[in-house]
Structure formats: structure tokens, C-alpha cells
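Structure file work.cif (mmCIF, C-alpha atoms) is printed below.
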```cif
data_run
#
loop_
_atom_site.group_PDB
_atom_site.id
_atom_site.type_symbol
_atom_site.label_atom_id
_atom_site.label_comp_id
_atom_site.auth_asym_id
_atom_site.auth_seq_id
_atom_site.Cartn_x
_atom_site.Cartn_y
_atom_site.Cartn_z
ATOM 1 C CA ASP L 1 97.079 82.853 113.587
ATOM 2 C CA GLY L 2 97.684 82.965 109.865
ATOM 3 C CA ARG L 3 95.992 82.212 106.596
ATOM 4 C CA SER L 4 94.648 78.720 106.014
ATOM 5 C CA PHE L 5 94.319 77.163 102.571
ATOM 6 C CA SER L 6 91.575 75.133 100.899
ATOM 7 C CA GLU L 7 92.233 71.512 99.959
ATOM 8 C CA GLU L 8 92.575 72.620 96.330
ATOM 9 C CA GLU L 9 95.165 75.278 97.228
ATOM 10 C CA GLN L 10 97.070 72.781 99.377
ATOM 11 C CA ALA L 11 97.049 70.245 96.545
ATOM 12 C CA GLU L 12 98.544 72.938 94.260
ATOM 13 C CA LEU L 13 101.244 73.735 96.812
ATOM 14 C CA TYR L 14 102.280 70.100 97.201
ATOM 15 C CA ALA L 15 102.131 69.534 93.419
ATOM 16 C CA ALA L 16 104.556 72.455 92.916
ATOM 17 C CA TYR L 17 107.136 70.190 94.599
ATOM 18 C CA GLY L 18 106.171 66.964 92.852
ATOM 19 C CA LEU L 19 104.295 65.858 95.967
ATOM 20 C CA SER L 20 100.635 65.176 96.712
ATOM 21 C CA LEU L 21 98.255 65.519 99.647
ATOM 22 C CA ALA L 22 99.286 61.959 100.561
ATOM 23 C CA ASP L 23 102.641 63.501 101.580
ATOM 24 C CA ARG L 24 100.911 65.759 104.137
ATOM 25 C CA PRO L 25 101.135 64.453 107.705
ATOM 26 C CA GLU L 26 97.930 63.627 109.509
ATOM 27 C CA GLY L 27 96.680 66.530 111.603
ATOM 28 C CA LEU L 28 98.893 69.226 110.040
ATOM 29 C CA GLU L 29 98.022 71.505 107.134
ATOM 30 C CA ALA L 30 99.713 74.224 105.127
ATOM 31 C CA GLN L 31 99.287 77.673 106.615
ATOM 32 C CA ALA L 32 100.756 81.128 105.952
ATOM 33 C CA VAL L 33 102.349 82.518 109.137
ATOM 34 C CA SER L 34 104.534 85.564 109.765
ATOM 35 C CA THR L 35 107.073 86.550 112.390
ATOM 36 C CA GLY L 36 108.262 89.385 110.179
ATOM 37 C CA LEU L 37 107.890 87.884 106.694
ATOM 38 C CA LEU L 38 104.831 85.928 105.546
ATOM 39 C CA ASP L 39 105.742 82.376 104.497
ATOM 40 C CA ILE L 40 103.718 79.285 103.751
ATOM 41 C CA LEU L 41 104.559 76.530 106.223
ATOM 42 C CA LEU L 42 104.221 73.287 104.284
ATOM 43 C CA PRO L 43 104.395 70.133 106.423
ATOM 44 C CA VAL L 44 105.466 66.823 104.889
ATOM 45 C CA ARG L 45 105.047 63.459 106.571
ATOM 46 C CA ASP L 46 108.677 62.323 106.710
ATOM 47 C CA LEU L 47 112.297 62.865 105.719
ATOM 48 C CA ALA L 48 111.799 60.868 102.507
ATOM 49 C CA ALA L 49 109.135 63.330 101.305
ATOM 50 C CA LEU L 50 111.296 66.313 102.343
ATOM 51 C CA GLU L 51 114.260 64.982 100.358
ATOM 52 C CA ARG L 52 112.122 63.898 97.383
ATOM 53 C CA ALA L 53 110.589 67.366 96.939
ATOM 54 C CA GLU L 54 111.658 68.965 93.632
ATOM 55 C CA GLN L 55 110.645 72.594 93.321
ATOM 56 C CA ASN L 56 108.973 73.814 90.133
ATOM 57 C CA GLU L 57 110.399 77.340 90.511
ATOM 58 C CA ALA L 58 108.024 78.988 88.041
ATOM 59 C CA GLU L 59 104.978 77.458 89.742
ATOM 60 C CA VAL L 60 106.171 78.288 93.280
ATOM 61 C CA LYS L 61 106.909 81.858 92.162
ATOM 62 C CA ARG L 62 103.424 82.120 90.628
ATOM 63 C CA LEU L 63 101.768 80.737 93.765
ATOM 64 C CA SER L 64 103.877 82.994 96.013
ATOM 65 C CA GLU L 65 102.787 86.057 94.031
ATOM 66 C CA GLU L 66 99.149 84.927 93.904
ATOM 67 C CA LEU L 67 99.062 84.224 97.661
ATOM 68 C CA ASP L 68 101.273 87.270 98.432
ATOM 69 C CA VAL L 69 103.894 85.389 100.469
ATOM 70 C CA VAL L 70 107.697 85.458 100.476
ATOM 71 C CA GLY L 71 107.932 81.736 99.822
ATOM 72 C CA VAL L 72 107.491 78.235 101.189
ATOM 73 C CA HIS L 73 109.053 76.753 104.317
ATOM 74 C CA MET L 74 108.722 72.976 104.047
ATOM 75 C CA PHE L 75 109.305 70.867 107.138
ATOM 76 C CA CYS L 76 108.964 67.420 108.629
ATOM 77 C CA ARG L 77 108.759 66.635 112.319
ATOM 78 C CA THR L 78 111.518 64.427 113.708
ATOM 79 C CA PRO L 79 110.305 62.714 116.883
ATOM 80 C CA GLY L 80 113.021 60.923 118.803
ATOM 81 C CA THR L 81 115.811 63.213 117.554
ATOM 82 C CA GLN L 82 117.342 66.394 118.930
ATOM 83 C CA ALA L 83 115.745 68.495 116.165
ATOM 84 C CA VAL L 84 112.122 69.617 116.390
ATOM 85 C CA ALA L 85 111.975 69.610 112.586
ATOM 86 C CA LEU L 86 114.070 69.331 109.456
ATOM 87 C CA CYS L 87 113.366 72.158 107.015
ATOM 88 C CA ARG L 88 113.826 73.435 103.481
ATOM 89 C CA ASN L 89 113.065 77.016 102.440
ATOM 90 C CA PHE L 90 112.203 78.256 98.949
ATOM 91 C CA ALA L 91 111.692 81.876 97.830
ATOM 92 C CA PRO L 92 111.933 82.015 94.006
ATOM 93 C CA ARG L 93 109.734 85.141 94.018
ATOM 94 C CA TYR L 94 112.835 86.894 95.412
ATOM 95 C CA ALA L 95 115.399 84.986 93.309
ATOM 96 C CA ILE L 96 116.225 82.528 96.119
ATOM 97 C CA PRO L 97 115.810 78.989 94.740
ATOM 98 C CA GLU L 98 116.588 77.497 98.182
ATOM 99 C CA GLU L 99 117.992 78.993 101.371
ATOM 100 C CA ALA L 100 120.228 77.241 103.919
ATOM 101 C CA ALA L 101 119.059 79.117 107.046
ATOM 102 C CA THR L 102 115.939 81.217 107.541
ATOM 103 C CA GLY L 103 115.314 82.770 110.948
ATOM 104 C CA THR L 104 111.948 84.394 110.226
ATOM 105 C CA SER L 105 110.519 81.175 108.750
ATOM 106 C CA ASN L 106 111.680 79.048 111.669
ATOM 107 C CA GLY L 107 110.264 81.667 114.035
ATOM 108 C CA ALA L 108 106.911 81.296 112.263
ATOM 109 C CA LEU L 109 107.269 77.499 112.455
ATOM 110 C CA THR L 110 107.876 77.771 116.211
ATOM 111 C CA TYR L 111 104.590 79.646 116.596
ATOM 112 C CA TYR L 112 102.756 77.197 114.284
ATOM 113 C CA LEU L 113 103.966 74.214 116.338
ATOM 114 C CA TYR L 114 103.184 75.962 119.630
ATOM 115 C CA ARG L 115 99.582 76.675 118.576
ATOM 116 C CA ARG L 116 99.179 72.949 117.889
ATOM 117 C CA GLY L 117 100.681 71.808 121.201
ATOM 118 C CA LEU L 118 103.799 70.413 119.502
ATOM 119 C CA THR L 119 106.242 72.628 121.413
ATOM 120 C CA ALA L 120 105.964 74.378 124.758
ATOM 121 C CA ALA L 121 106.509 77.946 125.885
ATOM 122 C CA GLY L 122 110.060 78.306 127.185
ATOM 123 C CA ALA L 123 111.362 75.225 125.369
ATOM 124 C CA GLU L 124 114.457 75.534 123.188
ATOM 125 C CA ASN L 125 113.589 74.370 119.674
ATOM 126 C CA ARG L 126 116.254 73.142 117.258
ATOM 127 C CA PHE L 127 115.593 73.232 113.524
ATOM 128 C CA VAL L 128 117.990 71.848 110.911
ATOM 129 C CA GLN L 129 117.878 73.406 107.454
ATOM 130 C CA GLY L 130 120.103 73.362 104.360
ATOM 131 C CA GLU L 131 121.142 69.700 104.480
ATOM 132 C CA LYS L 132 119.809 68.992 100.976
ATOM 133 C CA MET L 133 121.989 71.889 99.736
ATOM 134 C CA GLY L 134 125.090 70.558 101.497
ATOM 135 C CA LYS L 135 124.985 73.588 103.816
ATOM 136 C CA PRO L 136 123.496 72.260 107.059
ATOM 137 C CA SER L 137 122.414 74.996 109.442
ATOM 138 C CA GLU L 138 121.094 74.844 112.975
ATOM 139 C CA ILE L 139 118.479 77.419 113.940
ATOM 140 C CA LEU L 140 117.381 77.725 117.567
ATOM 141 C CA SER L 141 114.172 79.316 118.820
ATOM 142 C CA ARG L 142 112.353 79.940 122.063
ATOM 143 C CA LEU L 143 108.767 81.139 122.477
ATOM 144 C CA THR L 144 107.391 82.964 125.511
ATOM 145 C CA ASP L 145 103.696 83.483 126.101
ATOM 146 C CA GLY L 146 103.129 86.236 128.643
ATOM 147 C CA GLY L 147 100.596 88.914 129.466
ATOM 148 C CA ASP L 148 101.953 91.088 126.658
ATOM 149 C CA GLY L 149 101.475 88.412 123.993
ATOM 150 C CA VAL L 150 103.574 85.731 122.358
ATOM 151 C CA LYS L 151 107.221 86.464 121.582
ATOM 152 C CA VAL L 152 109.560 84.303 119.529
ATOM 153 C CA GLN L 153 113.347 84.576 119.747
ATOM 154 C CA VAL L 154 115.483 83.036 117.009
ATOM 155 C CA GLY L 155 119.240 82.499 116.855
ATOM 156 C CA GLY L 156 121.934 80.139 115.718
ATOM 157 C CA ARG L 157 125.543 79.882 114.737
ATOM 158 C CA ALA L 158 127.176 81.520 111.731
ATOM 159 C CA VAL L 159 130.216 80.666 109.660
ATOM 160 C CA LEU L 160 132.141 83.278 107.685
ATOM 161 C CA ALA L 161 131.812 82.247 104.050
ATOM 162 C CA LEU L 162 133.274 85.284 102.290
ATOM 163 C CA ARG L 163 135.381 88.245 103.319
ATOM 164 C CA CYS L 164 135.726 91.277 101.064
ATOM 165 C CA GLU L 165 136.702 94.907 101.207
ATOM 166 C CA LEU L 166 135.013 97.732 99.346
ATOM 167 C CA LEU L 167 137.379 100.419 98.093
#
```

Could you write out this file's structure as C-alpha cells?
Amino acid sequence: DGRSFSEEEQAELYAAYGLSLADRPEGLEAQAVSTGLLDILLPVRDLAALERAEQNEAEVKRLSEELDVVGVHMFCRTPGTQAVALCRNFAPRYAIPEEAATGTSNGALTYYLYRRGLTAAGAENRFVQGEKMGKPSEILSRLTDGGDGVKVQVGGRAVLALRCELL
């Protein structure tokens, strides 16, 4: 399923964002999951905690190297809304302070939520990421669980931000 973390490791992960274990939602814990790239999925209890998070880039980079992950995909569940979760993604190990849309991380989050009974096979999942950056993105996913294993499909919409020509 992925790599789990001790309470001490989880406390370090939350502290790297100015948060504490009190910001972790009941029943969900940090876990490293991959659907192509290994990321730490870091659940927070609500939108206030997601928005309040301030990354200590040096510490997140150190932890990412120590735990051998690409970065951290922070999320909060949003019951009663059209989105399954609101997300923020950080990968300072690869010079990405924060990313507006991350397909592999939301694919991993789809699997994480499925394994916990928080989404169903065949359901379309909508994740919103990048709002804190002023670049809101909608990422869609669907998981199938058949005889040949679990498959996650990820997609979304794109906007052309830059056009250039190489001579």
C-alpha cells in the first residue's frame, strides 16, 4: 500500500509546515504512496489548516531526501462539496516550492482514499489544487479494481500559459 510513518516522523512532517499532530484528521495518517512518483500524502483536518500551512523549504527538502520521496501532497477532505479533496503539493527537493496541478500525486491520493473506503471504484473524483497560489486547477481521477489489479486514471483541463518557438 505504501510506507507508513511513526508518530515522531509524522510530527516532523506537520512541523515542517508550521502545523502539529492536532491538525491531522481523526482516522487518517501520513503515508508515502506512488502511482509513478513516490509522494507523502499528508492529511489535514480542514481548509483552515490547509491554508495556514507555511512550508519550511529547507526542512521539507531534508525530509524528502531522508525519506526518499519526491515531495509532500497535503490535502483536506471536503464533505458536502463537489471536490473529494482540496490539495497543495510541495517538491522543494526538485526545486518546486509549490505546484498548481499534480496528476501523479492525485492518482496516489485516489488510491489512498479508496483503500480507506472514502471513494469507490468507478467513481469520478474531483480534486482542486493550486488555489493558494492563485492558480486553481481541477484534477479528475477514476479508479478501477479488476482481476488484473487496481488502475487509476487521471486527467483534467489545461490552459495555455506560454507559447514560444525555438529557432

- Task: Could you check how far CA of Leu162 (chain L) sits from CA of Glu57 (chain L), in Å to one decimal?
- Result: 26.9 Å

- Item | Residue nearest Ala108 (chain L) - candidates L:Ala49, L:Ala91, L:Val70, L:Val152, atoms counted: only C-alpha atoms |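 Of L:Ala49, L:Ala91, L:Val70, L:Val152, the one nearest Ala108 (chain L) is L:Val152, counting only C-alpha atoms.
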
- Task: Using the chain letters and numbers from the file, give me the residues hit by the PyMOL selection byres ((chain L and resi 63-65) around 9), as number ranges by chain.
- Result: L: 12-13, 16, 39-40, 58-62, 66-72, 91-93

- Enter the distance from CA of Glu26 (chain L) to CA of Pro97 (chain L), in Å, rounded to one decimal.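 Value for the CA of Glu26 (chain L)-CA of Pro97 (chain L) distance: 27.8 Å.
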
- Message: Please determine, counting all atoms listed in the file, which residue among L:Arg24, L:Arg115, L:Arg157, L:Arg163 has the shortest atom-to-atom distance to Leu143 (chain L).
- Response: L:Arg115

- Item | Top pick for closest residue to Ala11 (chain L), considering L:Glu99, L:Glu29, L:Thr35, L:Ala123 and counting only C-alpha atoms |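 The answer is L:Glu29, which sits nearest to Ala11 (chain L).
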
- Take CA of Gln153 (chain L) and CA of Gly80 (chain L) and report the distance between them in Å, one decimal.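 Computing the Euclidean distance for CA of Gln153 (chain L) and CA of Gly80 (chain L) yields 23.7 Å.
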
Translate the PyMOL selection byres ((chain L and resi 124) around 9), as applied to the file shown, into an explicit residue set as a JSON list (two decimals) with C-alpha atoms, in the frame of the given file.
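This went into result.json:
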```json
[["chain", "number", "residue", "atom", "x", "y", "z"],
["L", 119, "THR", "CA", 106.24, 72.63, 121.41],
["L", 120, "ALA", "CA", 105.96, 74.38, 124.76],
["L", 121, "ALA", "CA", 106.51, 77.95, 125.88],
["L", 122, "GLY", "CA", 110.06, 78.31, 127.18],
["L", 123, "ALA", "CA", 111.36, 75.22, 125.37],
["L", 125, "ASN", "CA", 113.59, 74.37, 119.67],
["L", 126, "ARG", "CA", 116.25, 73.14, 117.26],
["L", 140, "LEU", "CA", 117.38, 77.72, 117.57],
["L", 141, "SER", "CA", 114.17, 79.32, 118.82],
["L", 142, "ARG", "CA", 112.35, 79.94, 122.06],
["L", 143, "LEU", "CA", 108.77, 81.14, 122.48]]
```

- Task: Could you check which of L:Leu28, L:Ile139, L:Leu118, L:Leu41 is closest to Gly103 (chain L), using all atoms listed in the file?
- Result: L:Ile139

- Could you tell me which residues the PyMOL selection byres ((chain L and resi 89) around 8) returns for this structure, as a VMD selection string? chain L and resid 71 to 74 87 to 88 90 to 91 98 to 102 105 129

Output file for the residues above (C-alpha atoms, as a PDB file, in the coordinates of the input):
```
ATOM      1  CA  GLY L  71     107.932  81.736  99.822  1.00  0.00           C
ATOM      2  CA  VAL L  72     107.491  78.235 101.189  1.00  0.00           C
ATOM      3  CA  HIS L  73     109.053  76.753 104.317  1.00  0.00           C
ATOM      4  CA  MET L  74     108.722  72.976 104.047  1.00  0.00           C
ATOM      5  CA  CYS L  87     113.366  72.158 107.015  1.00  0.00           C
ATOM      6  CA  ARG L  88     113.826  73.435 103.481  1.00  0.00           C
ATOM      7  CA  PHE L  90     112.203  78.256  98.949  1.00  0.00           C
ATOM      8  CA  ALA L  91     111.692  81.876  97.830  1.00  0.00           C
ATOM      9  CA  GLU L  98     116.588  77.497  98.182  1.00  0.00           C
ATOM     10  CA  GLU L  99     117.992  78.993 101.371  1.00  0.00           C
ATOM     11  CA  ALA L 100     120.228  77.241 103.919  1.00  0.00           C
ATOM     12  CA  ALA L 101     119.059  79.117 107.046  1.00  0.00           C
ATOM     13  CA  THR L 102     115.939  81.217 107.541  1.00  0.00           C
ATOM     14  CA  SER L 105     110.519  81.175 108.750  1.00  0.00           C
ATOM     15  CA  GLN L 129     117.878  73.406 107.454  1.00  0.00           C
TER      16      GLN L 129
END
```
